[in-house]
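Asker: So here's target-v7.cif, just mmCIF, C-alpha atoms and all ligand atoms:
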data_entry
loop_
_atom_site.label_atom_id
_atom_site.label_comp_id
_atom_site.auth_asym_id
_atom_site.auth_seq_id
_atom_site.Cartn_x
_atom_site.Cartn_y
_atom_site.Cartn_z
CA MET A 1 0.00 0.00 0.00
CA GLY A 2 1.14 3.56 -0.65
CA ASN A 3 0.91 4.84 2.91
CA PRO A 4 -0.41 2.81 5.84
CA ILE A 5 -3.07 5.03 7.41
CA SER A 6 -1.61 4.90 10.94
CA LEU A 7 1.64 6.64 9.93
CA PRO A 8 2.00 10.33 9.04
CA SER A 9 1.97 11.31 5.37
CA ILE A 10 5.34 12.68 4.34
CA LEU A 11 4.41 15.58 2.09
CA MET A 12 6.72 17.30 -0.39
CA VAL A 13 5.89 20.96 0.19
CA GLY A 14 8.74 23.02 -1.26
CA VAL A 15 11.33 22.87 -4.03
CA GLY A 16 14.38 24.95 -4.95
CA GLY A 17 17.40 24.94 -7.21
CA CYS A 18 20.71 26.72 -7.68
CA LEU A 19 23.27 26.71 -10.49
CA PRO A 20 26.75 28.22 -10.58
CA ALA A 21 27.17 31.43 -12.59
CA ARG A 22 29.51 30.09 -15.28
CA LEU A 23 27.78 28.56 -18.32
CA VAL A 24 29.97 26.40 -20.57
CA SER A 25 28.71 25.31 -23.99
CA ASN A 26 29.85 22.19 -25.85
CA ASP A 27 31.63 24.42 -28.37
CA GLU A 28 33.58 26.11 -25.59
CA LEU A 29 34.62 22.71 -24.21
CA ALA A 30 35.67 21.57 -27.67
CA LYS A 31 38.32 24.31 -27.70
CA THR A 32 40.31 22.46 -25.02
CA VAL A 33 38.99 18.86 -25.20
CA ASP A 34 39.16 16.53 -28.24
CA THR A 35 35.40 16.45 -28.77
CA SER A 36 32.62 18.19 -30.68
CA ASP A 37 29.19 19.65 -30.03
CA GLU A 38 27.82 17.13 -32.54
CA TRP A 39 29.26 14.08 -30.71
CA ILE A 40 28.12 15.26 -27.28
CA GLN A 41 24.59 16.09 -28.42
CA GLN A 42 24.15 12.90 -30.44
CA ARG A 43 25.39 10.55 -27.70
CA THR A 44 24.01 12.32 -24.62
CA GLY A 45 21.62 15.17 -25.50
CA ILE A 46 23.84 17.59 -23.53
CA LYS A 47 24.20 21.12 -25.00
CA GLN A 48 25.75 22.96 -22.05
CA ARG A 49 26.57 22.73 -18.36
CA TYR A 50 27.19 25.13 -15.45
CA LEU A 51 30.55 24.88 -13.69
CA VAL A 52 31.67 26.28 -10.37
CA GLU A 53 34.39 28.90 -10.14
CA ASP A 54 34.46 30.26 -6.57
CA GLU A 55 31.24 28.57 -5.42
CA ARG A 56 31.54 25.68 -2.97
CA THR A 57 29.11 22.76 -2.84
CA SER A 58 27.58 24.23 0.33
CA ASP A 59 26.98 27.58 -1.40
CA LEU A 60 24.95 25.88 -4.13
CA ALA A 61 23.10 23.83 -1.49
CA VAL A 62 22.25 26.94 0.53
CA GLY A 63 20.95 28.70 -2.62
CA ALA A 64 18.67 25.76 -3.39
CA ALA A 65 17.57 25.41 0.26
CA ARG A 66 16.63 29.10 0.58
CA GLN A 67 14.46 28.84 -2.52
CA ALA A 68 12.81 25.64 -1.24
CA LEU A 69 12.07 27.24 2.16
CA LYS A 70 10.53 30.26 0.44
CA HIS A 71 8.47 28.04 -1.83
CA ALA A 72 7.15 26.14 1.20
CA GLY A 73 6.47 29.35 3.14
CA LEU A 74 8.82 28.24 5.94
CA SER A 75 11.86 29.61 7.72
CA ALA A 76 15.13 27.89 8.63
CA ASP A 77 13.90 27.50 12.24
CA ASP A 78 11.15 25.17 11.01
CA ILE A 79 13.64 22.51 9.83
CA ASP A 80 14.42 19.56 12.14
CA ILE A 81 16.55 17.43 9.81
CA ILE A 82 18.97 18.25 6.97
CA VAL A 83 20.01 15.39 4.71
CA LEU A 84 22.46 16.37 1.99
CA ALA A 85 23.45 13.98 -0.78
CA THR A 86 26.83 14.74 -2.31
CA THR A 87 29.93 13.10 -3.73
CA THR A 88 31.79 16.40 -3.67
CA PRO A 89 31.68 17.71 -0.08
CA ASN A 90 33.41 21.00 0.72
CA ASP A 91 35.87 19.09 2.93
CA THR A 92 36.31 15.45 3.93
CA PHE A 93 34.70 16.51 7.20
CA PRO A 94 32.65 18.05 8.73
CA SER A 95 29.64 17.16 6.63
CA THR A 96 28.58 19.71 4.05
CA ALA A 97 25.11 19.44 5.62
CA SER A 98 26.53 20.95 8.83
CA VAL A 99 27.93 23.91 6.85
CA VAL A 100 24.50 24.37 5.28
CA GLN A 101 22.90 24.24 8.74
CA LYS A 102 25.18 27.05 9.92
CA ASP A 103 24.81 29.19 6.77
CA LEU A 104 21.01 28.89 6.85
CA GLY A 105 20.86 29.40 10.62
CA ALA A 106 18.82 26.19 10.90
CA PHE A 107 20.03 25.46 14.41
CA ASN A 108 17.04 23.28 15.37
CA ALA A 109 18.14 20.70 12.80
CA PHE A 110 20.54 17.80 12.99
CA ALA A 111 22.41 17.45 9.72
CA PHE A 112 24.38 14.82 7.85
CA ASP A 113 25.59 13.87 4.37
CA ILE A 114 24.71 10.83 2.30
CA GLN A 115 26.99 9.35 -0.33
CA ALA A 116 25.29 7.37 -3.07
CA VAL A 117 26.75 9.32 -6.01
CA CYS A 118 24.14 9.89 -8.75
CA ALA A 119 21.53 7.95 -6.75
CA GLY A 120 22.13 10.27 -3.79
CA PHE A 121 18.86 12.16 -4.03
CA VAL A 122 16.62 9.08 -4.03
CA TYR A 123 18.65 7.70 -1.12
CA ALA A 124 18.37 10.98 0.82
CA LEU A 125 14.63 11.09 0.15
CA GLY A 126 14.17 7.52 1.40
CA VAL A 127 16.22 8.14 4.55
CA ALA A 128 14.52 11.45 5.36
CA GLU A 129 11.09 9.90 4.81
CA SER A 130 11.92 7.11 7.27
CA LEU A 131 13.20 9.57 9.89
CA LEU A 132 10.05 11.66 9.63
CA LYS A 133 7.77 8.62 9.67
CA THR A 134 9.38 7.43 12.90
CA GLY A 135 8.92 10.82 14.56
CA GLN A 136 12.52 12.11 14.52
CA GLY A 137 11.24 15.50 13.41
CA LYS A 138 8.41 17.26 11.59
CA ARG A 139 10.25 18.76 8.63
CA ALA A 140 13.29 17.72 6.65
CA LEU A 141 15.36 19.63 4.14
CA VAL A 142 16.61 17.15 1.54
CA ILE A 143 19.35 18.42 -0.75
CA GLY A 144 21.34 17.06 -3.67
CA ALA A 145 24.40 19.27 -4.24
CA GLU A 146 27.51 18.77 -6.33
CA SER A 147 30.63 20.46 -7.60
CA PHE A 148 31.18 17.39 -9.74
CA SER A 149 33.59 19.21 -12.04
CA LYS A 150 36.14 18.98 -9.21
CA LEU A 151 36.34 15.21 -9.82
CA LEU A 152 36.80 15.41 -13.59
CA ASP A 153 39.94 14.59 -15.52
CA TRP A 154 39.86 17.25 -18.23
CA ASP A 155 42.17 15.07 -20.38
CA ASP A 156 39.59 12.24 -20.41
CA ARG A 157 37.02 13.15 -23.05
CA THR A 158 34.94 10.07 -22.27
CA THR A 159 33.90 11.56 -18.90
CA CYS A 160 34.65 15.29 -18.69
CA VAL A 161 32.01 16.33 -21.24
CA LEU A 162 29.21 14.58 -19.36
CA PHE A 163 28.94 16.37 -16.03
CA GLY A 164 27.93 19.72 -14.56
CA ASP A 165 27.54 21.37 -11.15
CA GLY A 166 24.46 22.49 -9.22
CA ALA A 167 22.09 21.84 -6.35
CA GLY A 168 18.42 21.11 -5.81
CA ALA A 169 16.42 20.86 -2.61
CA VAL A 170 13.02 19.76 -1.36
CA ILE A 171 11.21 20.19 1.95
CA LEU A 172 9.42 17.18 3.40
CA GLU A 173 6.78 17.65 6.07
CA ALA A 174 5.15 15.03 8.28
CA GLY A 175 1.42 15.69 8.19
CA ALA A 176 -1.75 13.99 9.38
CA PRO A 177 -2.25 10.67 7.58
CA VAL A 178 -3.97 11.29 4.25
CA ASP A 179 -4.29 8.32 1.97
CA ASP A 180 -2.33 8.52 -1.29
CA TRP A 181 -0.44 11.78 -0.54
CA GLY A 182 3.25 12.52 -0.14
CA VAL A 183 6.03 9.96 -0.48
CA LEU A 184 4.17 6.81 -1.52
CA SER A 185 7.12 4.47 -1.94
CA SER A 186 10.87 4.34 -1.91
CA VAL A 187 13.08 1.56 -3.26
CA LEU A 188 16.88 1.46 -2.79
CA HIS A 189 19.47 -1.00 -4.12
CA THR A 190 23.25 -1.45 -4.18
CA ASP A 191 25.55 -3.97 -5.86
CA GLY A 192 29.17 -3.35 -4.88
CA ARG A 193 30.42 -5.96 -7.36
CA TYR A 194 30.15 -3.35 -10.12
CA ARG A 195 32.55 -0.90 -8.46
CA ASP A 196 35.02 -1.01 -11.34
CA ILE A 197 32.68 0.34 -14.02
CA LEU A 198 32.17 3.67 -12.24
CA TYR A 199 34.45 4.98 -9.48
CA VAL A 200 36.88 7.69 -8.43
CA ASP A 201 40.56 6.70 -8.37
CA GLY A 202 41.30 8.51 -5.13
CA GLY A 203 40.15 9.02 -1.57
CA PRO A 204 41.47 9.62 1.97
CA SER A 205 41.92 5.95 2.89
CA GLU A 206 43.21 4.49 -0.36
CA THR A 207 45.40 7.17 -1.93
CA GLY A 208 45.21 10.31 0.18
CA THR A 209 44.15 12.23 -2.93
CA VAL A 210 40.81 13.45 -4.23
CA GLY A 211 41.01 11.46 -7.47
CA HIS A 212 39.14 11.54 -10.78
CA VAL A 213 36.01 9.89 -12.13
CA ARG A 214 36.60 6.74 -14.18
CA MET A 215 33.71 5.19 -16.07
CA LYS A 216 33.09 2.38 -18.54
CA GLY A 217 30.21 4.29 -20.10
CA PRO A 218 28.66 1.57 -22.27
CA ASP A 219 28.67 -0.90 -19.32
CA VAL A 220 26.97 1.62 -17.05
CA PHE A 221 24.48 2.38 -19.82
CA LYS A 222 23.38 -1.27 -20.00
CA HIS A 223 22.89 -1.52 -16.23
CA ALA A 224 21.07 1.82 -16.17
CA VAL A 225 18.16 0.89 -18.40
CA GLU A 226 17.67 -2.57 -16.86
CA LYS A 227 18.07 -1.60 -13.19
CA LEU A 228 16.12 1.67 -13.39
CA SER A 229 13.12 0.07 -15.01
CA SER A 230 13.01 -2.80 -12.49
CA ALA A 231 13.37 -0.34 -9.56
CA LEU A 232 10.59 1.80 -10.97
CA ASP A 233 8.32 -1.25 -11.40
CA GLU A 234 9.04 -2.16 -7.78
CA ALA A 235 8.33 1.40 -6.57
CA LEU A 236 5.06 1.53 -8.54
CA THR A 237 3.90 -1.80 -7.09
CA LYS A 238 4.81 -0.67 -3.57
CA ALA A 239 2.84 2.56 -4.13
CA ASP A 240 -0.11 0.61 -5.55
CA LYS A 241 0.17 2.55 -8.82
CA THR A 242 0.41 1.71 -12.51
CA PRO A 243 2.58 3.56 -15.06
CA ASP A 244 -0.47 5.33 -16.54
CA GLU A 245 -1.05 6.98 -13.14
CA ILE A 246 2.33 8.79 -13.34
CA ASP A 247 1.83 12.47 -14.18
CA TRP A 248 5.58 13.18 -14.46
CA LEU A 249 8.68 11.04 -14.72
CA VAL A 250 11.49 13.11 -13.17
CA PRO A 251 14.52 10.92 -13.88
CA HIS A 252 18.21 11.24 -13.12
CA GLN A 253 19.64 13.32 -15.97
CA ALA A 254 22.66 11.40 -17.24
CA ASN A 255 21.84 10.76 -20.87
CA LEU A 256 18.82 11.60 -23.05
CA ARG A 257 18.99 8.12 -24.60
CA ILE A 258 18.59 6.49 -21.17
CA ILE A 259 15.74 8.85 -20.27
CA ASN A 260 13.92 8.18 -23.54
CA GLY A 261 14.54 4.43 -23.15
CA MET A 262 12.85 4.55 -19.74
CA GLN A 263 9.93 6.53 -21.11
CA LYS A 264 9.37 3.95 -23.85
CA LYS A 265 9.72 0.99 -21.47
CA LEU A 266 7.08 2.50 -19.21
CA GLY A 267 4.85 3.28 -22.18
CA LEU A 268 4.65 6.91 -21.01
CA ASP A 269 3.60 9.84 -23.17
CA PRO A 270 6.93 11.61 -24.06
CA GLN A 271 5.34 14.87 -22.85
CA LYS A 272 5.17 13.46 -19.31
CA VAL A 273 8.95 13.34 -18.90
CA VAL A 274 11.01 16.19 -17.43
CA ARG A 275 14.29 16.54 -19.35
CA THR A 276 16.95 19.01 -18.25
CA VAL A 277 20.07 17.10 -19.24
CA SER A 278 20.55 19.31 -22.31
CA GLU A 279 20.82 22.45 -20.12
CA HIS A 280 22.44 21.09 -16.91
CA ALA A 281 24.34 17.95 -18.07
CA ASN A 282 24.72 15.24 -15.40
CA THR A 283 24.80 16.95 -12.00
CA SER A 284 24.85 13.65 -10.07
CA ALA A 285 22.84 13.89 -6.81
CA ALA A 286 21.51 17.32 -7.83
CA SER A 287 19.99 16.27 -11.12
CA ILE A 288 16.54 15.09 -9.94
CA PRO A 289 15.75 18.01 -7.61
CA LEU A 290 17.09 20.48 -10.22
CA ALA A 291 14.82 18.92 -12.86
CA LEU A 292 11.91 18.92 -10.41
CA ASN A 293 12.52 22.58 -9.59
CA THR A 294 12.57 23.47 -13.29
CA ALA A 295 9.21 21.82 -13.94
CA VAL A 296 7.60 23.23 -10.78
CA ARG A 297 8.79 26.78 -11.63
CA ASP A 298 7.52 26.60 -15.22
CA GLY A 299 4.13 25.34 -14.02
CA ARG A 300 4.20 21.85 -15.51
CA ILE A 301 4.27 20.08 -12.14
CA GLN A 302 1.44 21.06 -9.81
CA SER A 303 0.16 20.08 -6.40
CA GLY A 304 -1.55 16.69 -6.58
CA HIS A 305 0.54 15.33 -9.45
CA VAL A 306 2.06 11.87 -9.10
CA LEU A 307 5.82 11.97 -9.68
CA ALA A 308 8.22 9.10 -10.36
CA PHE A 309 11.91 9.54 -9.54
CA GLU A 310 14.67 7.12 -10.55
CA ALA A 311 18.48 7.25 -10.49
CA ILE A 312 21.59 5.09 -10.76
CA GLY A 313 25.23 5.83 -10.07
CA GLY A 314 28.52 4.58 -8.69
CA GLY A 315 28.33 1.66 -6.31
CA LEU A 316 26.46 0.63 -8.28
CA SER A 317 23.66 2.22 -6.28
CA TRP A 318 20.20 2.85 -7.64
CA GLY A 319 16.65 3.49 -6.58
CA ALA A 320 13.24 4.91 -7.36
CA SER A 321 10.42 6.65 -5.55
CA ILE A 322 6.82 7.64 -6.15
CA VAL A 323 5.49 10.87 -4.65
CA ARG A 324 2.18 12.69 -4.82
CA PHE A 325 3.54 16.24 -4.82
CA GLY A 326 2.34 19.18 -2.70
CA ARG A 327 -0.23 19.54 0.09
CA PRO A 328 -3.79 18.23 0.00
CA SER A 329 -6.15 21.24 -0.11
O1 LIG A 401 25.21 9.25 -13.75
C1 LIG A 401 25.85 8.04 -13.55
C2 LIG A 401 25.42 7.08 -14.53
N1 LIG A 401 26.10 7.31 -15.79
C3 LIG A 401 25.50 7.02 -16.91
O2 LIG A 401 24.35 6.63 -16.87
C4 LIG A 401 26.28 7.10 -18.16
C5 LIG A 401 25.94 5.93 -19.03
N2 LIG A 401 26.70 5.88 -20.28
C6 LIG A 401 26.51 6.77 -21.27
O3 LIG A 401 25.75 7.68 -21.14
C7 LIG A 401 27.24 6.52 -22.58
O4 LIG A 401 27.84 5.25 -22.56
C8 LIG A 401 28.33 7.59 -22.88
C9 LIG A 401 27.66 8.92 -23.20
C10 LIG A 401 29.25 7.75 -21.69
C11 LIG A 401 29.14 7.17 -24.10
O5 LIG A 401 28.31 6.97 -25.21
P1 LIG A 401 28.44 5.65 -26.09
O6 LIG A 401 27.49 5.75 -27.19
O7 LIG A 401 28.30 4.48 -25.17
O8 LIG A 401 29.90 5.81 -26.69
P2 LIG A 401 31.22 4.89 -26.52
O9 LIG A 401 31.76 5.02 -25.13
O10 LIG A 401 30.91 3.53 -27.03
O11 LIG A 401 32.21 5.61 -27.53
C12 LIG A 401 31.97 5.66 -28.93
C13 LIG A 401 33.11 6.39 -29.61
C14 LIG A 401 34.48 5.87 -29.23
O12 LIG A 401 35.29 5.89 -30.38
P3 LIG A 401 35.59 4.55 -31.21
O13 LIG A 401 36.28 3.62 -30.23
O14 LIG A 401 34.25 4.04 -31.66
O15 LIG A 401 36.47 5.02 -32.32
C15 LIG A 401 34.99 6.89 -28.24
O16 LIG A 401 36.40 6.97 -28.22
O17 LIG A 401 33.09 7.79 -29.25
C16 LIG A 401 34.41 8.17 -28.79
N3 LIG A 401 34.26 9.21 -27.78
C17 LIG A 401 34.19 10.53 -28.06
N4 LIG A 401 34.29 11.19 -29.22
C18 LIG A 401 34.17 12.53 -29.15
C19 LIG A 401 34.12 9.04 -26.44
N5 LIG A 401 33.96 10.25 -25.85
C20 LIG A 401 34.02 11.17 -26.83
C21 LIG A 401 33.91 12.57 -26.84
N6 LIG A 401 33.99 13.20 -28.02
N7 LIG A 401 33.71 13.28 -25.71
#
What would the structure in this file look like if it were written as structure tokens?
Answerer:
Amino acid sequence: MGNPISLPSILMVGVGGCLPARLVSNDELAKTVDTSDEWIQQRTGIKQRYLVEDERTSDLAVGAARQALKHAGLSADDIDIIVLATTTPNDTFPSTASVVQKDLGAFNAFAFDIQAVCAGFVYALGVAESLLKTGQGKRALVIGAESFSKLLDWDDRTTCVLFGDGAGAVILEAGAPVDDWGVLSSVLHTDGRYRDILYVDGGPSETGTVGHVRMKGPDVFKHAVEKLSSALDEALTKADKTPDEIDWLVPHQANLRIINGMQKKLGLDPQKVVRTVSEHANTSAASIPLALNTAVRDGRIQSGHVLAFEAIGGGLSWGASIVRFGRPS
């Protein structure tokens, strides 16, 4: 069942996003990387990305969080929990979430980071939902924030053209139980045996360096379509929904071909899919909330709509969730 009636409904009541100031087109990249706008667009759908200069991951997260709080009509004092998904924290510690807590002045909240790479947002959503359902707080700020460009090897054209930086945030609120509202299901999976197809070749324990992203793109591609569609099927079943009840698929934005493959597998109307990969590229944990924010701001997504989220990334880690967005009137 979507939401057992005895537990609170975990409503999604605010959304925000933040991008760094510097916009980099494919043509600009092609001046320093052996690639072309044509190759990048044909293989991925990406036209441009935003890259950090002076901004830190926490700055992007704070920008997204402020917008989400405003959208929800709340202040920083109203937040009890901050869960921030990132692969690119400001520092190894303390958590970037604790920096965000300080910068927002959200001193009633406990705060921590989650690391599930590109699946980070669906993981953070699932964890925050569980914390709220078990009464650990009333409202959670859930953020996906990345300065992913800091992990790129600019001499490796097979990865450096694919990613961008940014942050997105949502506010979750535990409300009176209302059937079929809020987070209806959450499904999370990991298979550590696939570590070698997507990883960073550095880290405090192994090398003492930050490292760079390494990816066997075609291998990840094959896992993506198969694992995302089975996770989404599982999430739909758990939410007691069928694909035709989805108003909007808001997928992880890694590659337009993967997104369109998912849309076809689900038998969804192409108009019901939010696509921002062409503008933002792959922003890892930020990609879903940034896409959500785009479609909420432009009026496509409205209160009461059923949303489907899905994402896969390094680990491999993947997951999906179904949410009826907004507050019941
Ligand atoms: O967010 C985490 C999850 N990540 C993903 O979901 C990514 C999944 N994978 C993908 O999206 C795709 O596999 C890529 C976009 C990474 C690559 O696309 P592909 O169609 O699988 O291309 P490929 O890796 O098979 O490469 C095809 C050709 C190769 O040349 P040859 O060997 O056929 O001569 C590459 O060397 O394209 C070449 N190539 C490039 N050419 C121009 C690779 N990167 C580039 C580039 N510019 N940037």
Asker: Smallest atom-to-atom distance to Lys47 (chain A): which of A:Glu245, A:Glu310, A:Asp156, A:Glu279, using all atoms listed in the file?
Answerer: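 Closest residue, counting all atoms listed in the file: A:Glu279.
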Asker: Just give me the gap between atom C14 of ligand LIG 401 (chain A) and CA of Thr35 (chain A) in Å, one decimal is fine.
Answerer: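 That distance, rounded to one decimal, is 10.6 Å.
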Asker: Give the residue list for ligand LIG 401 (chain A) at 6 Å, counting all atoms listed in the file, as a PyMOL selection string, sorted by chain and then by residue number.
Answerer: chain A and resi 35-36+39+43-44+118+157-158+161+217-218+220-221+224+254-255+284+312-313
Asker: Of the candidates A:Asp113, A:Asp269, A:Asp103, A:Glu226, which one gets nearest to Pro243 (chain A) if we count only C-alpha atoms?
Answerer: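 Checking each of A:Asp113, A:Asp269, A:Asp103, A:Glu226 against Pro243 (chain A), counting only C-alpha atoms, the winner is A:Asp269.
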Asker: Taking (18.6, 16.2, -17.4) in the file's own coordinates, collect the residues within 12 Å, counting all atoms listed in the file, and hand them back as an MDAnalysis selection string.
Answerer: chainID A and resid 44:49 162:164 166 249:260 273:295 311
Asker: List as number ranges by chain the protein and nucleic acid residues near Asp219 (chain A), meaning an atom at most 12 Å away when only C-alpha atoms are counted, but skip any in the same chain fewer than 3 places from it.
Answerer: A: 194-198, 215-216, 222-226, 313-314, 316
Asker: Got a sec: who's within 8 Å of region 59-71 of chain A, counting only C-alpha atoms, leaving out chain neighbours fewer than 6 positions off, as a PyMOL selection string?
Answerer: chain A and resi 13-20+100+103-104+141+143-146+166-171
